[in-house]
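So this block is entry-v3.cif, mmCIF, C-alpha atoms:
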```
data_model
loop_
_atom_site.group_PDB
_atom_site.id
_atom_site.type_symbol
_atom_site.label_atom_id
_atom_site.label_comp_id
_atom_site.auth_asym_id
_atom_site.auth_seq_id
_atom_site.Cartn_x
_atom_site.Cartn_y
_atom_site.Cartn_z
ATOM 1 C CA MET P 1 -4.608 82.121 -8.707
ATOM 2 C CA LYS P 2 -3.732 80.994 -12.223
ATOM 3 C CA LYS P 3 -1.883 77.706 -12.537
ATOM 4 C CA HIS P 4 1.598 77.894 -14.057
ATOM 5 C CA CYS P 5 3.666 75.166 -15.691
ATOM 6 C CA PHE P 6 7.453 75.588 -15.589
ATOM 7 C CA CYS P 7 9.359 73.815 -18.374
ATOM 8 C CA PHE P 8 13.127 73.305 -18.435
ATOM 9 C CA VAL P 9 15.747 70.874 -19.732
ATOM 10 C CA CYS P 10 17.791 68.471 -17.605
ATOM 11 C CA GLN P 11 20.618 66.425 -19.124
ATOM 12 C CA LYS P 12 23.823 64.778 -17.955
ATOM 13 C CA GLY P 13 26.645 67.023 -16.781
ATOM 14 C CA MET P 14 26.640 70.642 -15.662
ATOM 15 C CA ILE P 15 23.089 71.203 -16.920
ATOM 16 C CA GLU P 16 21.648 68.572 -14.567
ATOM 17 C CA ILE P 17 23.207 70.405 -11.611
ATOM 18 C CA GLN P 18 21.692 73.676 -12.797
ATOM 19 C CA ALA P 19 18.321 72.044 -13.487
ATOM 20 C CA VAL P 20 17.997 70.359 -10.107
ATOM 21 C CA LEU P 21 18.902 73.617 -8.334
ATOM 22 C CA LEU P 22 16.238 75.360 -10.418
ATOM 23 C CA ALA P 23 13.643 72.700 -9.571
ATOM 24 C CA LEU P 24 14.371 72.882 -5.850
ATOM 25 C CA SER P 25 14.333 76.694 -5.890
ATOM 26 C CA LEU P 26 10.922 76.649 -7.602
ATOM 27 C CA SER P 27 9.564 74.242 -5.003
ATOM 28 C CA ARG P 28 10.741 76.611 -2.294
ATOM 29 C CA HIS P 29 9.447 79.915 -3.672
ATOM 30 C CA VAL P 30 6.480 79.418 -6.015
ATOM 31 C CA ARG P 31 3.263 80.450 -4.253
ATOM 32 C CA CYS P 32 0.702 79.904 -7.020
ATOM 33 C CA PRO P 33 -0.574 76.491 -8.208
ATOM 34 C CA TYR P 34 2.095 75.009 -10.462
ATOM 35 C CA GLU P 35 3.623 71.951 -12.070
ATOM 36 C CA MET P 36 7.021 71.254 -13.584
ATOM 37 C CA VAL P 37 7.661 69.536 -16.911
ATOM 38 C CA VAL P 38 11.297 68.541 -17.347
ATOM 39 C CA GLY P 39 12.729 67.746 -20.771
ATOM 40 C CA ILE P 40 15.057 64.725 -20.720
ATOM 41 C CA PRO P 41 17.358 64.375 -23.778
ATOM 42 C CA PRO P 42 19.064 61.055 -24.679
ATOM 43 C CA ASP P 43 22.061 62.065 -22.509
ATOM 44 C CA ARG P 44 20.041 61.464 -19.348
ATOM 45 C CA PRO P 45 20.826 62.922 -15.913
ATOM 46 C CA GLY P 46 22.104 60.764 -13.054
ATOM 47 C CA LYS P 47 19.959 58.807 -10.627
ATOM 48 C CA PRO P 48 20.241 61.273 -7.683
ATOM 49 C CA VAL P 49 18.873 64.083 -9.874
ATOM 50 C CA MET P 50 16.081 61.927 -11.312
ATOM 51 C CA GLU P 51 15.068 60.886 -7.796
ATOM 52 C CA ILE P 52 14.806 64.512 -6.686
ATOM 53 C CA LEU P 53 12.716 65.431 -9.729
ATOM 54 C CA GLU P 54 10.395 62.512 -8.978
ATOM 55 C CA GLU P 55 10.230 63.577 -5.323
ATOM 56 C CA LEU P 56 9.089 67.013 -6.530
ATOM 57 C CA LYS P 57 6.444 65.319 -8.723
ATOM 58 C CA ALA P 58 7.921 66.783 -11.899
ATOM 59 C CA LYS P 59 6.587 65.323 -15.130
ATOM 60 C CA MET P 60 9.181 64.039 -17.580
ATOM 61 C CA ALA P 61 9.201 64.529 -21.345
ATOM 62 C CA ASP P 62 11.649 62.588 -23.503
ATOM 63 C CA ILE P 63 13.049 65.052 -26.021
ATOM 64 C CA LYS P 64 15.650 65.281 -28.756
ATOM 65 C CA THR P 65 16.789 68.407 -30.543
ATOM 66 C CA PRO P 66 15.389 68.579 -34.095
ATOM 67 C CA VAL P 67 18.307 70.808 -35.148
ATOM 68 C CA LYS P 68 21.622 69.076 -35.830
ATOM 69 C CA ASN P 69 24.540 70.035 -33.558
ATOM 70 C CA TYR P 70 22.407 72.479 -31.572
ATOM 71 C CA HIS P 71 21.645 71.455 -27.995
ATOM 72 C CA TYR P 72 19.633 74.635 -27.431
ATOM 73 C CA GLY P 73 17.150 72.996 -29.790
ATOM 74 C CA ASN P 74 16.039 70.725 -26.933
ATOM 75 C CA LYS P 75 13.738 73.515 -25.812
ATOM 76 C CA PHE P 76 11.609 73.303 -28.973
ATOM 77 C CA PRO P 77 10.127 69.807 -28.427
ATOM 78 C CA LEU P 78 9.907 70.445 -24.677
ATOM 79 C CA PHE P 79 7.716 73.523 -25.113
ATOM 80 C CA ILE P 80 5.575 71.668 -27.668
ATOM 81 C CA LYS P 81 5.074 68.630 -25.415
ATOM 82 C CA SER P 82 4.434 70.466 -22.137
ATOM 83 C CA PRO P 83 0.721 71.314 -22.664
ATOM 84 C CA GLY P 84 0.033 67.614 -23.231
ATOM 85 C CA LEU P 85 1.554 66.775 -19.838
ATOM 86 C CA SER P 86 0.269 69.639 -17.705
ATOM 87 C CA GLU P 87 -3.078 71.433 -17.744
ATOM 88 C CA ALA P 88 -2.081 75.001 -16.875
ATOM 89 C CA ASP P 89 -3.182 78.561 -17.605
ATOM 90 C CA CYS P 90 0.341 79.786 -18.329
ATOM 91 C CA TYR P 91 3.398 77.900 -19.588
ATOM 92 C CA VAL P 92 6.809 79.302 -18.679
ATOM 93 C CA PHE P 93 9.969 78.052 -20.381
ATOM 94 C CA LEU P 94 13.097 78.628 -18.302
ATOM 95 C CA ASP P 95 16.736 78.090 -19.174
ATOM 96 C CA SER P 96 18.239 75.593 -16.742
ATOM 97 C CA ASP P 97 20.833 78.137 -15.532
ATOM 98 C CA ILE P 98 18.230 80.104 -13.589
ATOM 99 C CA LEU P 99 17.371 80.221 -9.885
ATOM 100 C CA CYS P 100 14.060 81.293 -8.373
ATOM 101 C CA LEU P 101 15.351 83.663 -5.681
ATOM 102 C CA ARG P 102 12.120 85.074 -4.271
ATOM 103 C CA GLU P 103 8.447 84.278 -3.826
ATOM 104 C CA PHE P 104 6.579 84.009 -7.136
ATOM 105 C CA TYR P 105 2.804 84.561 -7.173
ATOM 106 C CA GLY P 106 2.237 84.346 -10.912
ATOM 107 C CA ILE P 107 2.710 86.531 -13.971
ATOM 108 C CA LYS P 108 0.480 89.587 -14.048
ATOM 109 C CA ASN P 109 -1.297 91.107 -17.063
ATOM 110 C CA MET P 110 -1.123 87.999 -19.263
ATOM 111 C CA LYS P 111 -4.866 88.330 -19.875
ATOM 112 C CA SER P 112 -4.219 91.234 -22.253
ATOM 113 C CA HIS P 113 -1.073 89.706 -23.819
ATOM 114 C CA ASP P 114 -0.214 86.532 -25.711
ATOM 115 C CA ILE P 115 3.427 86.127 -24.732
ATOM 116 C CA GLY P 116 5.765 87.487 -22.071
ATOM 117 C CA VAL P 117 9.367 88.100 -23.153
ATOM 118 C CA ARG P 118 12.503 89.947 -22.081
ATOM 119 C CA MET P 119 14.692 91.903 -24.461
ATOM 120 C CA ALA P 120 17.953 90.252 -25.507
ATOM 121 C CA GLY P 121 21.181 92.011 -24.677
ATOM 122 C CA CYS P 122 20.082 93.181 -21.248
ATOM 123 C CA GLY P 123 22.597 91.073 -19.400
ATOM 124 C CA ASP P 124 26.242 91.515 -18.602
ATOM 125 C CA PHE P 125 27.688 88.082 -19.460
ATOM 126 C CA HIS P 126 27.088 87.130 -23.110
ATOM 127 C CA ASN P 127 25.730 90.298 -24.714
ATOM 128 C CA LYS P 128 29.215 91.508 -25.708
ATOM 129 C CA LYS P 129 29.413 89.026 -28.580
ATOM 130 C CA GLN P 130 29.414 91.039 -31.799
ATOM 131 C CA THR P 131 26.862 88.781 -33.495
ATOM 132 C CA ASN P 132 24.418 89.418 -30.657
ATOM 133 C CA GLN P 133 25.036 93.160 -30.848
ATOM 134 C CA ASP P 134 24.358 93.043 -34.599
ATOM 135 C CA LEU P 135 21.024 91.315 -34.030
ATOM 136 C CA ILE P 136 20.074 93.897 -31.425
ATOM 137 C CA MET P 137 21.021 96.991 -33.402
ATOM 138 C CA ASN P 138 21.542 96.321 -37.123
ATOM 139 C CA PRO P 139 18.390 96.036 -39.305
ATOM 140 C CA ALA P 140 20.508 94.902 -42.284
ATOM 141 C CA VAL P 141 21.301 91.641 -40.480
ATOM 142 C CA TRP P 142 17.578 90.887 -40.284
ATOM 143 C CA GLU P 143 16.746 91.611 -43.936
ATOM 144 C CA PRO P 144 17.551 88.104 -45.307
ATOM 145 C CA ILE P 145 15.874 86.534 -42.280
ATOM 146 C CA TYR P 146 12.554 88.347 -42.709
ATOM 147 C CA ARG P 147 12.823 87.993 -46.494
ATOM 148 C CA SER P 148 12.909 84.219 -46.048
ATOM 149 C CA PHE P 149 9.388 84.490 -44.624
ATOM 150 C CA GLY P 150 8.141 87.049 -47.134
ATOM 151 C CA LEU P 151 8.166 89.819 -44.542
ATOM 152 C CA PRO P 152 9.798 93.263 -44.329
ATOM 153 C CA VAL P 153 11.994 94.155 -41.380
ATOM 154 C CA PRO P 154 9.571 95.697 -38.859
ATOM 155 C CA ASN P 155 9.637 99.390 -38.041
ATOM 156 C CA GLU P 156 8.753 98.521 -34.464
ATOM 157 C CA ARG P 157 11.429 99.329 -31.901
ATOM 158 C CA TRP P 158 11.805 98.363 -28.261
ATOM 159 C CA VAL P 159 13.903 100.156 -25.658
ATOM 160 C CA GLU P 160 16.935 98.172 -24.530
ATOM 161 C CA PRO P 161 16.762 98.424 -20.713
ATOM 162 C CA LYS P 162 20.504 98.666 -20.149
ATOM 163 C CA THR P 163 21.457 101.314 -22.717
ATOM 164 C CA LYS P 164 17.965 102.859 -23.199
ATOM 165 C CA LYS P 165 18.608 102.742 -26.962
ATOM 166 C CA PRO P 166 15.880 101.762 -29.448
ATOM 167 C CA THR P 167 16.390 98.203 -30.643
ATOM 168 C CA LEU P 168 14.825 95.685 -32.970
ATOM 169 C CA PRO P 169 12.291 93.227 -31.505
ATOM 170 C CA TYR P 170 14.798 90.574 -30.463
ATOM 171 C CA PHE P 171 14.294 88.610 -27.256
ATOM 172 C CA ASN P 172 16.147 86.435 -24.771
ATOM 173 C CA ALA P 173 15.066 82.786 -24.965
ATOM 174 C CA GLY P 174 15.827 82.108 -21.296
ATOM 175 C CA PHE P 175 12.351 83.111 -20.105
ATOM 176 C CA ILE P 176 9.236 82.783 -22.256
ATOM 177 C CA ALA P 177 5.662 82.803 -20.948
ATOM 178 C CA VAL P 178 2.664 81.875 -23.103
ATOM 179 C CA LYS P 179 -1.010 81.350 -22.390
ATOM 180 C CA LYS P 180 -2.859 78.064 -22.612
ATOM 181 C CA GLY P 181 -3.643 77.145 -26.218
ATOM 182 C CA SER P 182 -0.827 79.227 -27.718
ATOM 183 C CA ARG P 183 0.426 78.230 -31.156
ATOM 184 C CA PHE P 184 3.809 79.777 -30.409
ATOM 185 C CA PRO P 185 5.766 76.565 -29.571
ATOM 186 C CA GLU P 186 4.980 74.912 -32.913
ATOM 187 C CA LYS P 187 5.541 78.102 -34.907
ATOM 188 C CA TRP P 188 8.808 78.706 -33.057
ATOM 189 C CA LEU P 189 10.165 75.329 -34.159
ATOM 190 C CA GLU P 190 8.848 75.806 -37.698
ATOM 191 C CA ALA P 191 10.625 79.163 -37.965
ATOM 192 C CA ALA P 192 13.858 77.770 -36.515
ATOM 193 C CA LEU P 193 13.981 74.905 -39.009
ATOM 194 C CA LYS P 194 13.389 77.229 -41.949
ATOM 195 C CA ILE P 195 16.086 79.652 -40.794
ATOM 196 C CA GLU P 196 18.503 76.766 -40.223
ATOM 197 C CA GLN P 197 17.994 75.480 -43.779
ATOM 198 C CA ASP P 198 18.123 78.865 -45.544
ATOM 199 C CA LYS P 199 21.594 79.283 -47.053
ATOM 200 C CA ASN P 200 20.981 82.989 -47.678
ATOM 201 C CA ILE P 201 21.071 83.606 -43.932
ATOM 202 C CA ASP P 202 24.612 83.973 -42.584
ATOM 203 C CA PRO P 203 25.337 80.897 -40.413
ATOM 204 C CA VAL P 204 27.406 82.985 -38.003
ATOM 205 C CA TYR P 205 24.120 84.242 -36.512
ATOM 206 C CA LYS P 206 22.585 80.788 -36.192
ATOM 207 C CA ARG P 207 25.016 79.646 -33.506
ATOM 208 C CA PRO P 208 24.060 80.155 -30.795
ATOM 209 C CA TRP P 209 21.261 82.627 -31.590
ATOM 210 C CA LEU P 210 18.954 80.473 -33.745
ATOM 211 C CA ASP P 211 16.366 80.073 -30.982
ATOM 212 C CA GLN P 212 16.230 83.821 -30.310
ATOM 213 C CA ILE P 213 16.084 84.758 -33.993
ATOM 214 C CA ALA P 214 13.243 82.289 -34.529
ATOM 215 C CA MET P 215 11.363 83.757 -31.550
ATOM 216 C CA SER P 216 11.097 87.142 -33.254
ATOM 217 C CA ILE P 217 9.869 85.557 -36.480
ATOM 218 C CA ALA P 218 7.293 83.311 -34.777
ATOM 219 C CA ILE P 219 5.922 86.246 -32.784
ATOM 220 C CA ARG P 220 5.612 88.302 -35.967
ATOM 221 C CA LEU P 221 3.986 85.507 -38.001
ATOM 222 C CA LEU P 222 1.385 84.887 -35.293
ATOM 223 C CA LYS P 223 0.912 88.625 -34.614
ATOM 224 C CA LEU P 224 1.256 88.008 -30.893
ATOM 225 C CA ARG P 225 0.715 90.758 -28.349
ATOM 226 C CA CYS P 226 3.975 90.933 -26.397
ATOM 227 C CA GLN P 227 4.318 91.812 -22.759
ATOM 228 C CA ALA P 228 7.745 93.262 -21.966
ATOM 229 C CA MET P 229 8.763 91.453 -18.801
ATOM 230 C CA GLY P 230 10.614 93.388 -16.132
ATOM 231 C CA SER P 231 14.146 92.532 -15.075
ATOM 232 C CA GLU P 232 12.841 90.582 -12.073
ATOM 233 C CA TYR P 233 11.666 87.832 -14.438
ATOM 234 C CA ASN P 234 14.999 87.275 -16.203
ATOM 235 C CA SER P 235 17.584 89.060 -14.137
ATOM 236 C CA TYR P 236 21.363 89.238 -14.482
ATOM 237 C CA SER P 237 23.952 89.998 -11.833
ATOM 238 C CA LYS P 238 23.777 93.789 -12.073
ATOM 239 C CA GLU P 239 19.979 93.684 -11.765
ATOM 240 C CA HIS P 240 19.660 91.124 -9.008
ATOM 241 C CA GLY P 241 18.220 93.464 -6.342
ATOM 242 C CA LYS P 242 14.572 92.531 -6.969
ATOM 243 C CA ALA P 243 15.145 89.380 -8.994
ATOM 244 C CA ILE P 244 12.591 86.598 -8.858
ATOM 245 C CA PHE P 245 14.294 84.591 -11.601
ATOM 246 C CA PHE P 246 18.069 85.092 -11.591
ATOM 247 C CA HIS P 247 19.738 84.065 -14.881
ATOM 248 C CA TYR P 248 23.293 83.478 -13.722
ATOM 249 C CA HIS P 249 24.577 81.596 -16.823
ATOM 250 C CA ARG P 250 27.620 80.160 -15.046
ATOM 251 C CA PHE P 251 28.398 79.184 -11.461
ATOM 252 C CA GLU P 252 31.264 81.671 -11.303
ATOM 253 C CA ASN P 253 28.664 84.409 -11.878
ATOM 254 C CA MET P 254 26.358 83.022 -9.191
ATOM 255 C CA LEU P 255 29.130 83.589 -6.651
ATOM 256 C CA ARG P 256 28.756 87.358 -7.109
ATOM 257 C CA ILE P 257 25.267 87.285 -5.588
ATOM 258 C CA PRO P 258 25.172 86.395 -1.871
ATOM 259 C CA ARG P 259 21.440 85.630 -1.954
ATOM 260 C CA ALA P 260 21.942 83.096 -4.771
ATOM 261 C CA VAL P 261 24.917 81.468 -3.043
ATOM 262 C CA SER P 262 23.005 81.232 0.235
ATOM 263 C CA LEU P 263 19.999 79.661 -1.488
ATOM 264 C CA ALA P 264 22.080 77.140 -3.455
ATOM 265 C CA ARG P 265 24.057 76.077 -0.387
ATOM 266 C CA ASP P 266 20.889 75.807 1.681
ATOM 267 C CA ILE P 267 19.281 73.650 -1.017
ATOM 268 C CA LEU P 268 22.291 71.300 -1.046
ATOM 269 C CA THR P 269 22.315 70.918 2.740
ATOM 270 C CA GLY P 270 21.002 67.510 3.687
ATOM 271 C CA ARG P 271 21.401 66.069 0.176
ATOM 272 C CA PRO P 272 24.758 64.260 0.409
ATOM 273 C CA ARG P 273 24.113 62.009 -2.612
ATOM 274 C CA LEU P 274 23.544 65.052 -4.793
ATOM 275 C CA VAL P 275 26.692 66.753 -3.480
ATOM 276 C CA GLU P 276 28.668 63.555 -4.119
ATOM 277 C CA MET P 277 27.348 63.401 -7.683
ATOM 278 C CA ILE P 278 28.236 67.060 -8.244
ATOM 279 C CA ARG P 279 31.798 66.456 -7.061
ATOM 280 C CA GLY P 280 32.024 63.495 -9.419
ATOM 281 C CA ILE P 281 30.910 65.615 -12.378
ATOM 282 C CA ARG P 282 33.454 68.282 -11.437
ATOM 283 C CA GLU P 283 36.310 65.774 -11.176
ATOM 284 C CA THR P 284 35.385 63.958 -14.398
ATOM 285 C CA SER P 285 34.884 67.132 -16.448
ATOM 286 C CA GLY P 286 38.059 68.818 -15.267
ATOM 287 C CA SER P 287 40.443 66.581 -17.242
ATOM 288 C CA THR P 288 39.180 67.653 -20.683
ATOM 289 C CA ALA P 289 37.482 70.971 -19.949
ATOM 290 C CA SER P 290 38.021 74.274 -21.751
ATOM 291 C CA LYS P 291 39.285 77.306 -19.828
ATOM 292 C CA LYS P 292 35.736 78.683 -19.592
ATOM 293 C CA THR P 293 34.438 75.378 -18.241
ATOM 294 C CA LEU P 294 37.336 75.153 -15.793
ATOM 295 C CA ASN P 295 36.375 78.579 -14.440
ATOM 296 C CA ASP P 296 32.799 77.382 -14.068
ATOM 297 C CA LEU P 297 33.950 74.188 -12.354
ATOM 298 C CA GLN P 298 35.982 76.308 -9.940
ATOM 299 C CA GLY P 299 32.871 78.374 -9.296
ATOM 300 C CA LEU P 300 30.968 75.181 -8.561
ATOM 301 C CA GLU P 301 33.715 74.015 -6.199
ATOM 302 C CA ASN P 302 33.531 77.347 -4.349
ATOM 303 C CA LEU P 303 29.762 76.959 -4.134
ATOM 304 C CA LEU P 304 30.156 73.619 -2.362
ATOM 305 C CA HIS P 305 32.348 75.106 0.402
#
```
Kindly transcribe the structure held in the file into structure tokens.
Amino acid sequence: MKKHCFCFVCQKGMIEIQAVLLALSLSRHVRCPYEMVVGIPPDRPGKPVMEILEELKAKMADIKTPVKNYHYGNKFPLFIKSPGLSEADCYVFLDSDILCLREFYGIKNMKSHDIGVRMAGCGDFHNKKQTNQDLIMNPAVWEPIYRSFGLPVPNERWVEPKTKKPTLPYFNAGFIAVKKGSRFPEKWLEAALKIEQDKNIDPVYKRPWLDQIAMSIAIRLLKLRCQAMGSEYNSYSKEHGKAIFFHYHRFENMLRIPRAVSLARDILTGRPRLVEMIRGIRETSGSTASKKTLNDLQGLENLLH
């Protein structure tokens, strides 16, 4: 079997809870040779989480977003550093808000492809934002972006799995698989920095979609052969039936899926220090949290019972 390296970010607060659940779910369900490389920003996770990551023999990479006021940018240096820390055949970047729900034996058909990606807008949580819909459907939005790189908007169209409509090549950055030796991580960051600095590109699309916009450009510049990953590799609540990697986004969404709840609760059983830390994060965050965060904190509280 091919060796896989899973890369994800872990930082203080809600993300460290998500990341440690992801790490423990990977250790439970991955059946091929694998390693984990965990990106640690300056806002470091707590000791109980770090101890679990060390117990799982995860390799740590100190990272810092190269894009000002954009924490999603932590993924750029992580993906660049990972090959230097893990000798693998395939590198898989995962958003921290993902659980591995079922046995994973490796990604198939990567031999004939350079990168494995999932279409953006397939989910049922964040795809309703108008800016995301524009990027999925409106070629005019992409004209200044491609122009910045001296490229025309591609004629290529993908089929959006949910609506079955033809869409522009625009991908979700929550699951990305590349082969050993890929130049994608460096080109991805290069594209993101150029887009960020270009004043002709409407800033409304750069937050939070800069990473996903830059993905499309990097893939085009490198002329990568894309494998369209099935929903099981980056699944949302309405597609969870065969999900291997469930992208729940928020704990309140996880509660909709009994298999995810059962797994998370089972993982937390026997780890009282982790549960205590989680309760502390919930209590500390609640005093200044937004309504959306309060809903997520309530979801986390329900998960603990």
Exercise. Write out as a list in words which residues come within 6 Å of P:Trp188 when counting only C-alpha atoms, dropping same-chain ones fewer than 4 positions away.
Key: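 Non-adjacent residues within range: Phe184, Ala214, Met215 and Ala218 of chain P.
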Exercise. Go through P:His29, P:Tyr233, P:Cys10, P:Ile244 one by one, measure the shortest atom-to-atom distance of each to P:Asp62 using all atoms listed in the file, and give the residue with the smallest value.
Key: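 Once distances to P:Asp62 are computed over all atoms listed in the file, the minimum belongs to P:Cys10.
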Exercise. Could you tell me which of P:Arg279, P:Asn234, P:Arg207, P:Leu85 comes closest to P:Lys129 if we count all atoms listed in the file?
Key: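 Among P:Arg279, P:Asn234, P:Arg207, P:Leu85, it is P:Arg207 that comes nearest to P:Lys129.
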Quiz prompt | Selection: 6 Å around stretch 227-231 of chain P, only C-alpha atoms, excl. self and same-chain fewer than 6 positions, as an MDAnalysis selection string | solution = chainID P and resid 113 116:118
Exercise. Name the residues captured by the PyMOL selection byres ((chain P and resi 296) around 10) when it is applied to the shown file; answer as a PyMOL selection string.
Key: chain P and resi 14+249-254+282+289-295+297-302
Quick one: residues within 6 Å of stretch 137-150 of chain P, all atoms listed in the file counted, chain neighbours fewer than 3 positions away excluded, as an mmCIF file with C-alpha atoms, in the frame of the given file?
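around_11.cif was written with the following content:
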```
data_model
loop_
_atom_site.group_PDB
_atom_site.id
_atom_site.type_symbol
_atom_site.label_atom_id
_atom_site.label_comp_id
_atom_site.auth_asym_id
_atom_site.auth_seq_id
_atom_site.Cartn_x
_atom_site.Cartn_y
_atom_site.Cartn_z
ATOM 1 C CA ASP P 134 24.358 93.043 -34.599
ATOM 2 C CA VAL P 153 11.994 94.155 -41.380
ATOM 3 C CA THR P 167 16.390 98.203 -30.643
ATOM 4 C CA ILE P 201 21.071 83.606 -43.932
#
```
Quiz prompt | Atomic distance atom CA of P:Met50 - atom CA of P:Arg102, expressed in Å with one decimal | solution =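 According to the coordinates, atom CA of P:Met50 and atom CA of P:Arg102 are separated by 24.5 Å.
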Exercise. Might you pull out every residue within 10 Å of stretch 51-53 of chain P, with all atoms listed in the file counted and same-chain residues fewer than 6 positions away left off, and present them as number ranges by chain?
Key: P: 10, 19-20, 23-24, 36-38, 59-60, 271, 274
Export, as an mmCIF file, in the frame of the given file, the selected residues with C-alpha atoms.
```cif
data_model
loop_
_atom_site.group_PDB
_atom_site.id
_atom_site.type_symbol
_atom_site.label_atom_id
_atom_site.label_comp_id
_atom_site.auth_asym_id
_atom_site.auth_seq_id
_atom_site.Cartn_x
_atom_site.Cartn_y
_atom_site.Cartn_z
ATOM 1 C CA CYS P 10 17.791 68.471 -17.605
ATOM 2 C CA ALA P 19 18.321 72.044 -13.487
ATOM 3 C CA VAL P 20 17.997 70.359 -10.107
ATOM 4 C CA ALA P 23 13.643 72.700 -9.571
ATOM 5 C CA LEU P 24 14.371 72.882 -5.850
ATOM 6 C CA MET P 36 7.021 71.254 -13.584
ATOM 7 C CA VAL P 37 7.661 69.536 -16.911
ATOM 8 C CA VAL P 38 11.297 68.541 -17.347
ATOM 9 C CA LYS P 59 6.587 65.323 -15.130
ATOM 10 C CA MET P 60 9.181 64.039 -17.580
ATOM 11 C CA ARG P 271 21.401 66.069 0.176
ATOM 12 C CA LEU P 274 23.544 65.052 -4.793
#
```
Quiz item: What gap, in Å, lies between atom CA of P:Lys64 and atom CA of P:Pro41?
Solution: 5.3 Å
Exercise. Rank nothing, just name the residue among P:Pro33, P:Pro154, P:Gly39, P:Gly241 nearest to P:Ile15, using all atoms listed in the file.
Key: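 Looking only at the distances to P:Ile15, the closest residue turns out to be P:Gly39.
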Exercise. Expand the PyMOL selection byres ((chain P and resi 248) around 10) into the individual residues it matches in the shown file, reporting them as a ChimeraX atom specification.
Key: /P:18,96-99,123-125,234-237,240,245-247,249-257,260
Export, as a compact mmCIF listing (two decimals), in the coordinates of the input, the selected residues with C-alpha atoms.
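The file below, selection-v6.txt, is the result:
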```txt
# COMPACT_ATOMS: atom_id res chain seq x y z
CA GLN P 18 21.69 73.68 -12.80
CA SER P 96 18.24 75.59 -16.74
CA ASP P 97 20.83 78.14 -15.53
CA ILE P 98 18.23 80.10 -13.59
CA LEU P 99 17.37 80.22 -9.88
CA GLY P 123 22.60 91.07 -19.40
CA ASP P 124 26.24 91.52 -18.60
CA PHE P 125 27.69 88.08 -19.46
CA ASN P 234 15.00 87.28 -16.20
CA SER P 235 17.58 89.06 -14.14
CA TYR P 236 21.36 89.24 -14.48
CA SER P 237 23.95 90.00 -11.83
CA HIS P 240 19.66 91.12 -9.01
CA PHE P 245 14.29 84.59 -11.60
CA PHE P 246 18.07 85.09 -11.59
CA HIS P 247 19.74 84.06 -14.88
CA HIS P 249 24.58 81.60 -16.82
CA ARG P 250 27.62 80.16 -15.05
CA PHE P 251 28.40 79.18 -11.46
CA GLU P 252 31.26 81.67 -11.30
CA ASN P 253 28.66 84.41 -11.88
CA MET P 254 26.36 83.02 -9.19
CA LEU P 255 29.13 83.59 -6.65
CA ARG P 256 28.76 87.36 -7.11
CA ILE P 257 25.27 87.28 -5.59
CA ALA P 260 21.94 83.10 -4.77
```
Quiz item: Exactly which residues make up the result of the PyMOL selection byres ((chain P and resi 66-83) around 9) on this file, given as number ranges by chain?
Solution: P: 5-9, 36-41, 59, 61-65, 84-88, 91-93, 95, 180-181, 184-186, 188-189, 192-193, 196, 207-208, 210-211
Assuming 4 Å of padding per side, give the centre and edge lengths of the axis-aligned box around every listed atom of stretch 171-189 of chain P, in Å to one decimal and as lines of an AutoDock Vina configuration file.
```
center_x = 6.3
center_y = 81.8
center_z = -27.5
size_x = 27.8
size_y = 21.7
size_z = 22.8
```
Quiz prompt | Nearest-residue call for P:Asp114, choices P:Leu222, P:Ala191, P:Leu151, P:Ile17, using all atoms listed in the file | solution =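 Going through P:Leu222, P:Ala191, P:Leu151, P:Ile17 one by one, the smallest distance to P:Asp114 is for P:Leu222.
Note that the spacing between atom CA of P:Lys164 and atom CA of P:Ile115 amounts to 22.2 Å.
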